[in-house]
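Asker: Sharing data_17.txt, compact mmCIF, C-alpha atoms and all ligand atoms:
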# COMPACT_ATOMS: atom_id res chain seq x y z
CA MET H 103 -5.72 -15.33 46.96
CA ASN H 104 -7.64 -12.48 45.30
CA ALA H 105 -10.57 -13.41 43.10
CA THR H 106 -10.10 -13.26 39.36
CA ALA H 107 -12.72 -11.67 37.08
CA ALA H 108 -14.23 -13.95 34.47
CA LEU H 109 -16.42 -13.15 31.48
CA THR H 110 -19.82 -14.77 32.02
CA GLY H 111 -22.13 -12.95 29.59
CA LEU H 112 -22.04 -10.90 26.40
CA GLY H 113 -24.75 -8.77 24.76
CA THR H 114 -24.99 -6.22 21.94
CA ALA H 115 -27.31 -3.63 20.43
CA LEU H 116 -27.33 -1.73 17.13
CA PRO H 117 -29.57 1.12 16.01
CA THR H 118 -32.22 0.33 13.43
CA ARG H 119 -30.89 2.65 10.71
CA ARG H 120 -28.31 1.03 8.41
CA VAL H 121 -26.16 3.45 6.40
CA THR H 122 -24.25 2.07 3.42
CA ASN H 123 -21.17 3.51 1.73
CA GLU H 124 -23.35 4.17 -1.32
CA GLU H 125 -25.71 6.31 0.77
CA LEU H 126 -22.80 8.41 2.08
CA SER H 127 -21.37 8.74 -1.43
CA ARG H 128 -24.56 10.55 -2.45
CA VAL H 129 -23.97 13.36 0.08
CA LEU H 130 -20.17 13.43 0.46
CA ASP H 131 -17.25 13.54 -1.98
CA THR H 132 -16.38 9.89 -1.40
CA ASP H 133 -17.07 6.45 -2.85
CA ASP H 134 -17.46 2.83 -1.79
CA GLN H 135 -14.15 1.85 -3.36
CA TRP H 136 -12.16 4.44 -1.31
CA ILE H 137 -13.93 3.61 1.94
CA GLN H 138 -13.58 -0.16 1.60
CA SER H 139 -10.00 -0.15 0.40
CA ARG H 140 -8.74 2.41 2.97
CA THR H 141 -10.73 1.15 5.98
CA GLY H 142 -12.50 -2.17 5.33
CA ILE H 143 -15.88 -0.57 6.15
CA LYS H 144 -18.95 -1.42 4.02
CA GLN H 145 -21.73 -0.05 6.20
CA ARG H 146 -22.48 1.26 9.66
CA PHE H 147 -25.57 1.84 11.80
CA TRP H 148 -26.57 5.35 12.85
CA SER H 149 -29.04 6.32 15.52
CA ALA H 150 -32.60 6.77 14.32
CA GLY H 151 -33.30 8.62 17.57
CA GLU H 152 -31.76 6.15 20.01
CA ALA H 153 -29.59 7.83 22.65
CA THR H 154 -26.41 6.17 23.94
CA SER H 155 -28.24 5.02 27.09
CA ASP H 156 -30.96 3.34 24.99
CA LEU H 157 -28.36 1.19 23.22
CA ALA H 158 -26.50 0.60 26.50
CA VAL H 159 -29.67 -0.63 28.22
CA GLU H 160 -30.46 -3.00 25.35
CA ALA H 161 -26.93 -4.42 25.25
CA GLY H 162 -26.80 -4.59 29.05
CA ARG H 163 -30.11 -6.47 29.24
CA SER H 164 -28.84 -9.00 26.69
CA ALA H 165 -25.55 -9.44 28.54
CA LEU H 166 -27.38 -10.10 31.82
CA ARG H 167 -29.59 -12.66 30.06
CA SER H 168 -26.50 -14.24 28.48
CA ALA H 169 -24.96 -14.51 31.97
CA GLY H 170 -28.21 -15.96 33.37
CA THR H 171 -28.57 -13.27 36.03
CA ASP H 172 -30.63 -10.19 36.80
CA THR H 173 -28.30 -8.66 39.36
CA VAL H 174 -24.80 -7.19 39.37
CA GLU H 175 -23.03 -5.11 42.01
CA MET H 176 -21.61 -2.38 39.76
CA VAL H 177 -22.22 -0.81 36.34
CA ILE H 178 -19.52 0.82 34.21
CA VAL H 179 -20.37 2.57 30.93
CA ALA H 180 -17.49 3.46 28.60
CA THR H 181 -18.55 6.17 26.17
CA THR H 182 -17.42 9.28 24.31
CA THR H 183 -21.03 10.19 23.59
CA PRO H 184 -22.81 10.25 26.96
CA ASP H 185 -26.49 11.24 26.99
CA HIS H 186 -25.48 14.51 28.74
CA PRO H 187 -22.24 16.14 29.94
CA CYS H 188 -23.78 15.70 33.42
CA PRO H 189 -24.87 13.38 34.95
CA ALA H 190 -23.02 10.28 33.82
CA THR H 191 -24.92 7.76 31.69
CA ALA H 192 -24.21 4.67 33.84
CA PRO H 193 -26.55 5.45 36.79
CA ASP H 194 -29.47 5.90 34.38
CA VAL H 195 -28.60 2.63 32.64
CA ALA H 196 -28.33 0.79 35.98
CA SER H 197 -31.68 2.18 37.10
CA ARG H 198 -33.46 1.30 33.85
CA LEU H 199 -32.05 -2.22 34.01
CA GLY H 200 -33.63 -2.58 37.47
CA LEU H 201 -30.25 -3.09 39.12
CA GLY H 202 -31.10 -1.00 42.17
CA VAL H 203 -28.75 1.47 43.85
CA VAL H 204 -25.46 -0.12 42.78
CA PRO H 205 -22.37 2.03 42.12
CA ALA H 206 -22.42 3.20 38.51
CA PHE H 207 -20.04 5.47 36.64
CA ASP H 208 -18.77 6.37 33.17
CA ILE H 209 -15.28 5.93 31.77
CA ALA H 210 -13.93 8.39 29.20
CA ALA H 211 -11.08 6.62 27.42
CA VAL H 212 -12.60 6.99 23.93
CA CYS H 213 -11.97 3.87 21.78
CA SER H 214 -9.97 2.19 24.57
CA GLY H 215 -12.92 2.64 26.94
CA PHE H 216 -14.18 -0.94 26.91
CA VAL H 217 -10.75 -2.39 27.76
CA TYR H 218 -10.32 0.27 30.46
CA GLY H 219 -13.79 -0.71 31.75
CA LEU H 220 -12.88 -4.40 31.86
CA ALA H 221 -9.68 -3.60 33.78
CA CYS H 222 -11.58 -1.39 36.21
CA ALA H 223 -14.19 -4.11 36.78
CA ALA H 224 -11.50 -6.78 37.24
CA ALA H 225 -9.68 -4.55 39.75
CA HIS H 226 -12.86 -3.99 41.77
CA ILE H 227 -13.47 -7.74 41.80
CA ALA H 228 -9.87 -8.52 42.80
CA ALA H 229 -10.10 -5.94 45.61
CA GLY H 230 -13.30 -7.50 46.91
CA LEU H 231 -15.31 -4.32 46.24
CA ALA H 232 -17.74 -6.11 43.92
CA SER H 233 -18.35 -9.72 42.99
CA SER H 234 -20.07 -8.97 39.67
CA VAL H 235 -19.83 -6.00 37.28
CA LEU H 236 -21.67 -5.06 34.09
CA VAL H 237 -19.28 -3.30 31.67
CA ILE H 238 -20.87 -1.58 28.68
CA GLY H 239 -19.27 0.20 25.74
CA ALA H 240 -21.94 2.34 24.08
CA GLU H 241 -21.74 5.06 21.46
CA THR H 242 -23.78 7.30 19.19
CA TYR H 243 -20.98 8.94 17.18
CA SER H 244 -23.51 9.95 14.54
CA THR H 245 -24.55 12.70 16.98
CA ILE H 246 -21.06 14.28 17.05
CA LEU H 247 -19.88 13.77 13.46
CA ASP H 248 -19.50 16.76 11.15
CA PRO H 249 -21.80 15.76 8.27
CA ASP H 250 -19.52 17.62 5.84
CA ASP H 251 -16.29 15.94 6.97
CA ARG H 252 -15.63 12.93 4.75
CA THR H 253 -12.57 11.95 6.77
CA THR H 254 -14.64 11.10 9.87
CA SER H 255 -18.23 10.67 8.67
CA VAL H 256 -17.50 7.55 6.65
CA ILE H 257 -15.67 5.85 9.50
CA PHE H 258 -17.75 5.94 12.65
CA GLY H 259 -20.89 4.04 13.56
CA ASP H 260 -23.21 3.69 16.56
CA GLY H 261 -23.78 0.64 18.74
CA ALA H 262 -23.26 -0.96 22.12
CA GLY H 263 -21.71 -4.09 23.55
CA ALA H 264 -21.81 -5.31 27.14
CA ALA H 265 -20.08 -7.92 29.28
CA VAL H 266 -20.86 -9.39 32.69
CA LEU H 267 -17.77 -10.10 34.78
CA ARG H 268 -18.00 -12.26 37.87
CA ALA H 269 -15.53 -13.31 40.58
CA THR H 270 -14.09 -16.73 39.93
CA ALA H 271 -11.22 -18.90 41.13
CA PRO H 272 -7.89 -17.89 39.57
CA ASP H 273 -7.58 -19.20 36.02
CA GLY H 274 -11.25 -20.27 35.94
CA PRO H 275 -12.91 -20.31 32.48
CA GLY H 276 -13.12 -16.85 30.94
CA SER H 277 -10.74 -15.21 33.45
CA PHE H 278 -8.95 -12.10 32.35
CA LEU H 279 -5.34 -13.16 32.85
CA ALA H 280 -3.63 -9.77 32.54
CA PHE H 281 -4.12 -6.17 31.46
CA ASP H 282 -1.85 -3.52 30.00
CA LEU H 283 -3.13 0.07 29.93
CA GLY H 284 -1.47 3.33 28.94
CA SER H 285 -1.94 6.91 27.79
CA ASP H 286 0.03 9.78 26.27
CA GLY H 287 -1.68 13.12 26.86
CA SER H 288 0.94 14.97 24.83
CA LEU H 289 -1.04 13.66 21.82
CA LYS H 290 -4.41 14.86 23.10
CA ASP H 291 -5.02 17.08 20.06
CA LEU H 292 -5.08 14.16 17.60
CA ILE H 293 -8.67 13.27 18.53
CA THR H 294 -10.92 15.96 19.99
CA ILE H 295 -14.29 17.52 20.54
CA PRO H 296 -12.97 21.05 21.18
CA ASP H 297 -16.02 22.75 22.73
CA GLY H 298 -18.24 22.07 25.70
CA GLY H 299 -15.68 21.59 28.48
CA SER H 300 -14.06 23.89 31.06
CA ARG H 301 -11.23 24.90 28.70
CA GLN H 302 -13.60 26.13 26.03
CA ARG H 303 -17.33 26.17 26.65
CA THR H 304 -17.77 27.44 23.11
CA SER H 305 -15.35 28.69 20.48
CA GLY H 306 -17.96 30.95 18.92
CA SER H 307 -17.66 29.02 15.67
CA GLY H 308 -21.16 27.56 15.89
CA PRO H 309 -21.69 23.81 15.76
CA ALA H 310 -18.21 23.23 14.24
CA GLY H 311 -16.54 23.35 17.67
CA SER H 312 -18.74 20.59 19.02
CA TYR H 313 -17.98 18.17 16.20
CA PHE H 314 -15.58 15.24 16.55
CA THR H 315 -12.18 15.75 14.88
CA MET H 316 -9.44 13.24 14.11
CA GLN H 317 -6.02 13.59 12.48
CA GLY H 318 -6.22 10.24 10.74
CA LYS H 319 -2.63 9.74 9.55
CA PRO H 320 -0.77 10.23 12.86
CA VAL H 321 -3.53 8.39 14.72
CA PHE H 322 -3.04 5.45 12.37
CA ARG H 323 0.69 5.36 13.07
CA HIS H 324 0.36 5.65 16.85
CA ALA H 325 -2.46 3.08 16.90
CA VAL H 326 -0.27 0.48 15.18
CA ASP H 327 2.75 1.20 17.41
CA ARG H 328 0.89 1.32 20.72
CA MET H 329 -1.40 -1.65 20.14
CA THR H 330 1.54 -3.77 19.00
CA GLU H 331 3.69 -2.75 21.97
CA SER H 332 0.88 -3.19 24.49
CA ALA H 333 -0.12 -6.59 23.13
CA ARG H 334 3.51 -7.72 23.07
CA THR H 335 3.89 -6.71 26.73
CA LEU H 336 0.89 -8.89 27.60
CA LEU H 337 2.15 -11.87 25.65
CA GLU H 338 5.42 -11.60 27.57
CA THR H 339 3.52 -11.37 30.89
CA THR H 340 1.42 -14.44 30.16
CA GLY H 341 4.16 -16.39 28.37
CA TRP H 342 1.83 -16.93 25.39
CA ALA H 343 3.58 -17.24 22.03
CA ALA H 344 2.03 -15.05 19.30
CA GLY H 345 1.48 -18.21 17.26
CA SER H 346 -0.68 -19.66 20.05
CA ILE H 347 -3.25 -16.84 19.85
CA ASP H 348 -6.47 -18.23 18.40
CA TRP H 349 -8.08 -14.81 17.88
CA PHE H 350 -6.79 -11.26 17.91
CA VAL H 351 -9.76 -8.98 18.52
CA GLY H 352 -8.54 -5.41 18.12
CA HIS H 353 -10.42 -2.13 18.17
CA GLN H 354 -12.18 -2.06 14.81
CA ALA H 355 -10.83 1.28 13.54
CA ASN H 356 -9.36 0.13 10.28
CA ALA H 357 -8.63 -3.27 8.72
CA ARG H 358 -5.18 -2.04 7.70
CA ILE H 359 -4.32 -1.16 11.32
CA LEU H 360 -5.35 -4.59 12.57
CA ARG H 361 -3.35 -6.36 9.84
CA ALA H 362 -0.28 -4.26 10.67
CA VAL H 363 -0.58 -5.02 14.40
CA ALA H 364 -1.05 -8.74 13.73
CA ASP H 365 1.99 -8.68 11.40
CA GLY H 366 4.11 -6.89 13.99
CA LEU H 367 3.16 -9.43 16.64
CA GLY H 368 3.50 -12.49 14.45
CA VAL H 369 -0.21 -13.37 14.66
CA LYS H 370 -1.45 -14.95 11.40
CA SER H 371 -3.82 -12.76 9.37
CA ASP H 372 -6.55 -15.43 9.40
CA ARG H 373 -6.59 -15.17 13.22
CA VAL H 374 -7.72 -11.51 13.13
CA ILE H 375 -11.40 -10.80 13.75
CA MET H 376 -12.73 -8.13 11.37
CA ASP H 377 -16.12 -6.57 12.10
CA MET H 378 -15.72 -3.03 10.74
CA ASP H 379 -17.25 -4.13 7.40
CA ARG H 380 -20.59 -4.57 9.22
CA VAL H 381 -20.60 -1.75 11.81
CA GLY H 382 -17.76 0.69 11.06
CA ASN H 383 -15.70 2.07 13.92
CA THR H 384 -17.99 2.04 16.97
CA SER H 385 -15.32 3.29 19.39
CA ALA H 386 -15.91 1.88 22.91
CA ALA H 387 -18.48 -0.60 21.55
CA SER H 388 -16.24 -2.10 18.89
CA ILE H 389 -14.50 -4.89 20.81
CA PRO H 390 -17.63 -6.43 22.39
CA LEU H 391 -19.49 -6.14 19.06
CA ALA H 392 -16.61 -7.93 17.32
CA LEU H 393 -16.47 -10.63 20.01
CA ALA H 394 -20.20 -11.26 19.71
CA ARG H 395 -19.95 -11.53 15.94
CA ALA H 396 -17.04 -13.96 16.21
CA VAL H 397 -19.15 -16.15 18.52
CA ALA H 398 -22.22 -15.88 16.27
CA ASP H 399 -20.14 -16.82 13.22
CA GLY H 400 -18.92 -19.92 15.04
CA ASN H 401 -15.29 -18.75 14.94
CA LEU H 402 -14.74 -18.03 18.61
CA VAL H 403 -15.30 -21.20 20.65
CA PRO H 404 -14.71 -22.17 24.28
CA GLY H 405 -11.04 -22.73 25.10
CA ASP H 406 -9.74 -20.31 22.44
CA ARG H 407 -6.94 -17.98 23.46
CA VAL H 408 -8.11 -14.41 22.83
CA LEU H 409 -6.03 -11.23 22.68
CA LEU H 410 -7.85 -7.88 22.95
CA SER H 411 -6.20 -4.56 22.12
CA ALA H 412 -7.52 -1.03 21.63
CA PHE H 413 -6.28 2.49 20.91
CA GLY H 414 -8.15 5.77 21.05
CA GLY H 415 -8.29 9.47 21.85
CA GLY H 416 -6.36 10.81 24.81
CA VAL H 417 -4.39 9.13 23.43
CA THR H 418 -5.09 5.91 25.32
CA TRP H 419 -4.51 2.23 24.74
CA GLY H 420 -5.19 -1.04 26.50
CA SER H 421 -4.93 -4.80 26.02
CA SER H 422 -6.04 -7.95 27.77
CA VAL H 423 -6.01 -11.71 27.28
CA LEU H 424 -8.45 -14.44 28.24
CA VAL H 425 -9.32 -18.03 27.44
CA TRP H 426 -12.78 -17.94 25.91
CA PRO H 427 -15.55 -19.29 28.19
CA ASP H 428 -18.63 -21.29 27.22
CA ILE H 429 -21.12 -18.45 26.76
CA VAL H 430 -23.84 -17.46 24.32
CA ALA H 431 -23.61 -13.94 22.88
CA LEU H 432 -27.03 -12.28 22.70
O1 LIG C 1 -10.87 4.89 16.60
C1 LIG C 1 -9.86 5.64 17.21
C2 LIG C 1 -8.59 5.54 16.47
N1 LIG C 1 -8.79 5.89 15.10
C3 LIG C 1 -8.04 5.31 14.17
O2 LIG C 1 -7.27 4.43 14.49
C4 LIG C 1 -8.12 5.81 12.76
C5 LIG C 1 -6.73 5.88 12.16
N2 LIG C 1 -6.67 6.48 10.83
C6 LIG C 1 -7.17 5.87 9.74
O3 LIG C 1 -7.79 4.82 9.82
C7 LIG C 1 -6.89 6.48 8.39
O4 LIG C 1 -5.90 7.48 8.52
C8 LIG C 1 -8.16 7.08 7.69
C9 LIG C 1 -9.08 5.97 7.28
C10 LIG C 1 -8.85 8.03 8.65
C11 LIG C 1 -7.73 7.83 6.45
O5 LIG C 1 -7.02 6.96 5.56
P1 LIG C 1 -5.63 7.39 4.96
O6 LIG C 1 -5.20 6.31 4.09
O7 LIG C 1 -4.72 7.76 6.11
O8 LIG C 1 -6.01 8.64 4.10
P2 LIG C 1 -5.43 10.11 4.15
O9 LIG C 1 -6.00 10.85 5.30
O10 LIG C 1 -3.95 10.09 3.98
O11 LIG C 1 -6.03 10.68 2.83
C12 LIG C 1 -5.61 10.18 1.53
C13 LIG C 1 -6.42 10.89 0.48
C14 LIG C 1 -6.46 12.39 0.67
O12 LIG C 1 -6.47 12.98 -0.61
P3 LIG C 1 -5.13 13.60 -1.25
O13 LIG C 1 -4.65 14.62 -0.28
O14 LIG C 1 -4.18 12.43 -1.36
O15 LIG C 1 -5.59 14.13 -2.55
C15 LIG C 1 -7.77 12.62 1.34
O16 LIG C 1 -8.27 13.92 1.09
O17 LIG C 1 -7.78 10.44 0.57
C16 LIG C 1 -8.62 11.57 0.69
N3 LIG C 1 -9.77 11.19 1.49
C17 LIG C 1 -10.87 10.64 0.96
N4 LIG C 1 -11.20 10.35 -0.31
C18 LIG C 1 -12.42 9.80 -0.52
C19 LIG C 1 -9.94 11.29 2.84
N5 LIG C 1 -11.15 10.80 3.18
C20 LIG C 1 -11.75 10.41 2.04
C21 LIG C 1 -12.98 9.84 1.74
N6 LIG C 1 -13.29 9.56 0.45
N7 LIG C 1 -13.89 9.56 2.70
Kindly return the structure encoded in the file as structure tokens.
Ligand code: UT7
Answerer:
Amino acid sequence: MNATAALTGLGTALPTRRVTNEELSRVLDTDDQWIQSRTGIKQRFWSAGEATSDLAVEAGRSALRSAGTDTVEMVIVATTTPDHPCPATAPDVASRLGLGVVPAFDIAAVCSGFVYGLACAAAHIAAGLASSVLVIGAETYSTILDPDDRTTSVIFGDGAGAAVLRATAPDGPGSFLAFDLGSDGSLKDLITIPDGGSRQRTSGSGPAGSYFTMQGKPVFRHAVDRMTESARTLLETTGWAAGSIDWFVGHQANARILRAVADGLGVKSDRVIMDMDRVGNTSAASIPLALARAVADGNLVPGDRVLLSAFGGGVTWGSSVLVWPDIVAL
């Protein structure tokens, strides 16, 4: 039988600069009350010069230490904010981690990137193409935010989270039991960075074209629908009742989205991990950061049934389930 991929290590990194809602309220027409009540966010961390690869290396190093290893056979970096349009960020990260000449590549699935990365790693392991994979979600959204746009600037933060996956016997501790991934490119305009690609190198509108844009309202609606549907599909696949989920760890875009998804699934609200208050929406880094916090807080313990679900630009979505292994998050 094909090997299953199990989670064996978890690591995180945050930039040094903490940015509170109060600080943003001094430069934007916004306030702490609006931000907290509409999103659940109290603060975020923004790069003080760290590039995405710097955070990815730090998180990756911690994940390797958490897994008790200094080798893996593949590195995947999920990011919307690579160091450069070319080359990918993952080979640089692999090299700086001293991992040798292993295959390394980036995944561009925006906020669903980490779940896509986990699925990709699990598929490589199941196919026998790798026996261990380092999956990193790393972002520096502060470098692509329009500083004058209050609808995006208050939401996104920088950070990285990394996981080591290793081949294990089917249903071994920490195995990813199933995945559900999807996309709908007809909604590609809801979340964009318009300039810099082959369609439009530059729109001639100066820096504006290279800023991140998001149509918040429709994204909210699609995020709730798709995450709920995707998670429900997985629960049916695994035969897990919603009431048996110990922790729902969704992409940390908005506390209201996560509550709505949990409601739709029938997962109790006190089983939802919330981490956006501490770090904002960190896109591909948000799920591993939330997992690490849940472990650090003593909430997530070995044997817990965990449901992951994400939604992001593309649009893309993805979910997975696992039984939590006995690991330390670093
Ligand atoms: O991570 C990838 C996926 N992303 C998401 O899932 C994000 C999904 N969307 C959302 O989380 C929410 O739509 C937002 C948090 C982005 C916005 O919340 P909302 O409740 O949908 O607000 P809205 O866009 O409908 O705006 C309501 C009002 C507007 O004013 P008027 O037109 O009612 O006078 C906005 O101009 O709030 C205003 N507003 C703000 N006010 C103070 C928008 N941003 C701000 C702000 N501070 N930062």
Asker: In Å, rounded to a single decimal, give me how far atom CA of H:Leu116 is from atom CA of H:Gly261.
Answerer: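 Going from atom CA of H:Gly261 over to atom CA of H:Leu116, I get 4.6 Å.
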Asker: Which distance in Å separates atom CA of H:Val177 and atom CA of H:Pro117, to one decimal?
Answerer: 21.7 Å
Asker: Taking all atoms listed in the file into account, which residues are within 7 Å of ligand LIG 1 (chain C), as a ChimeraX atom specification?
Answerer: /H:131-133,136-137,140-141,213,252-254,256-257,318-319,321-322,325,355-356,383,385,413-415
Asker: Could you tell me, as a list in words, which residues have any atom at most 6 Å from (-27.0, -5.6, 28.4), counting only C-alpha atoms?
Answerer: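 The requested residues, written out, are Gly113, Val159, Glu160, Ala161, Gly162, Arg163, Ser164, Ala165, Leu166 and Ala264 of chain H.
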Asker: Could the residues in this selection be written to a file with C-alpha atoms, as a PDB file, in the coordinates of the input?
Answerer:
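The result, stored in selection-v7.pdb:
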ATOM      1  CA  GLY H 113     -24.750  -8.770  24.760  1.00  0.00           C
ATOM      2  CA  VAL H 159     -29.670  -0.630  28.220  1.00  0.00           C
ATOM      3  CA  GLU H 160     -30.460  -3.000  25.350  1.00  0.00           C
ATOM      4  CA  ALA H 161     -26.930  -4.420  25.250  1.00  0.00           C
ATOM      5  CA  GLY H 162     -26.800  -4.590  29.050  1.00  0.00           C
ATOM      6  CA  ARG H 163     -30.110  -6.470  29.240  1.00  0.00           C
ATOM      7  CA  SER H 164     -28.840  -9.000  26.690  1.00  0.00           C
ATOM      8  CA  ALA H 165     -25.550  -9.440  28.540  1.00  0.00           C
ATOM      9  CA  LEU H 166     -27.380 -10.100  31.820  1.00  0.00           C
ATOM     10  CA  ALA H 264     -21.810  -5.310  27.140  1.00  0.00           C
TER      11      ALA H 264
END
Asker: When you count all atoms listed in the file, which of these residues is closest to H:Val326: H:Ser234, H:Gln302, H:Thr245, H:Ser411?
Answerer: H:Ser411
Asker: For H:Gln354, which of H:Lys290, H:Arg198, H:Arg146, H:Arg167 is the closest residue, counting all atoms listed in the file?
Answerer: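 Of H:Lys290, H:Arg198, H:Arg146, H:Arg167, the one nearest H:Gln354 is H:Arg146, counting all atoms listed in the file.
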Asker: Between H:Ser214, H:Thr110, H:Asn104, H:Thr270, which has the minimum distance to H:Ser388 (counting only C-alpha atoms)?
Answerer: H:Ser214
Asker: I'd like to know which of H:Val425, H:Ala357, H:Ala180, H:Ala115 is closest to H:Gly274, using all atoms listed in the file.
Answerer: H:Val425
Asker: Could you tell me how far atom CA of H:Pro205 sits from atom CA of H:Thr171, in Å to one decimal place?
Answerer: 17.6 Å
Asker: Within 8 Å of H:Tyr218, counting all atoms listed in the file, which residues qualify if same-chain residues fewer than 6 places away don't, as a ChimeraX atom specification?
Answerer: /H:209,211,283,420
Asker: Pull the neighbourhood of (-12.9, -15.9, 24.4) for me: all residues within 8 Å in file coordinates, counting all atoms listed in the file, as a PyMOL selection string.
Answerer: chain H and resi 276+393+402-408+424-427
Asker: Please fill the gaps in stretch 390-397 of chain H so it has all heavy atoms, and write that as a CSV table (one decimal), in the frame of the given file.
Answerer:
chain,number,residue,atom,x,y,z
H,390,PRO,N,-16.6,-5.5,22.1
H,390,PRO,CA,-17.6,-6.4,22.4
H,390,PRO,C,-18.5,-6.8,21.2
H,390,PRO,O,-18.9,-7.9,21.1
H,390,PRO,CB,-18.4,-5.7,23.5
H,390,PRO,CG,-18.1,-4.3,23.4
H,390,PRO,CD,-16.7,-4.2,22.9
H,391,LEU,N,-18.7,-5.8,20.3
H,391,LEU,CA,-19.5,-6.1,19.1
H,391,LEU,C,-18.7,-7.2,18.2
H,391,LEU,O,-19.3,-8.1,17.7
H,391,LEU,CB,-19.8,-4.9,18.2
H,391,LEU,CG,-20.9,-4.0,18.7
H,391,LEU,CD1,-20.8,-2.6,18.0
H,391,LEU,CD2,-22.3,-4.6,18.5
H,392,ALA,N,-17.4,-7.0,18.1
H,392,ALA,CA,-16.6,-7.9,17.3
H,392,ALA,C,-16.6,-9.3,18.0
H,392,ALA,O,-16.6,-10.3,17.3
H,392,ALA,CB,-15.2,-7.4,17.2
H,393,LEU,N,-16.5,-9.3,19.3
H,393,LEU,CA,-16.5,-10.6,20.0
H,393,LEU,C,-17.8,-11.4,19.8
H,393,LEU,O,-17.8,-12.6,19.5
H,393,LEU,CB,-16.3,-10.4,21.5
H,393,LEU,CG,-14.9,-10.0,22.0
H,393,LEU,CD1,-14.9,-9.6,23.4
H,393,LEU,CD2,-13.9,-11.1,21.8
H,394,ALA,N,-18.9,-10.6,19.9
H,394,ALA,CA,-20.2,-11.3,19.7
H,394,ALA,C,-20.4,-11.8,18.3
H,394,ALA,O,-20.9,-12.9,18.1
H,394,ALA,CB,-21.3,-10.3,20.0
H,395,ARG,N,-19.9,-11.0,17.3
H,395,ARG,CA,-20.0,-11.5,15.9
H,395,ARG,C,-19.1,-12.8,15.8
H,395,ARG,O,-19.5,-13.7,15.1
H,395,ARG,CB,-19.5,-10.5,15.0
H,395,ARG,CG,-19.4,-11.0,13.6
H,395,ARG,CD,-19.3,-10.0,12.6
H,395,ARG,NE,-19.1,-10.4,11.2
H,395,ARG,CZ,-18.7,-9.6,10.2
H,395,ARG,NH1,-18.4,-8.4,10.5
H,395,ARG,NH2,-18.7,-10.1,9.0
H,396,ALA,N,-17.9,-12.8,16.4
H,396,ALA,CA,-17.0,-14.0,16.2
H,396,ALA,C,-17.7,-15.2,16.8
H,396,ALA,O,-17.6,-16.3,16.3
H,396,ALA,CB,-15.7,-13.7,16.9
H,397,VAL,N,-18.4,-15.0,17.9
H,397,VAL,CA,-19.2,-16.2,18.5
H,397,VAL,C,-20.3,-16.6,17.6
H,397,VAL,O,-20.5,-17.8,17.3
H,397,VAL,CB,-19.7,-15.8,19.9
H,397,VAL,CG1,-20.6,-16.9,20.5
H,397,VAL,CG2,-18.6,-15.5,20.9
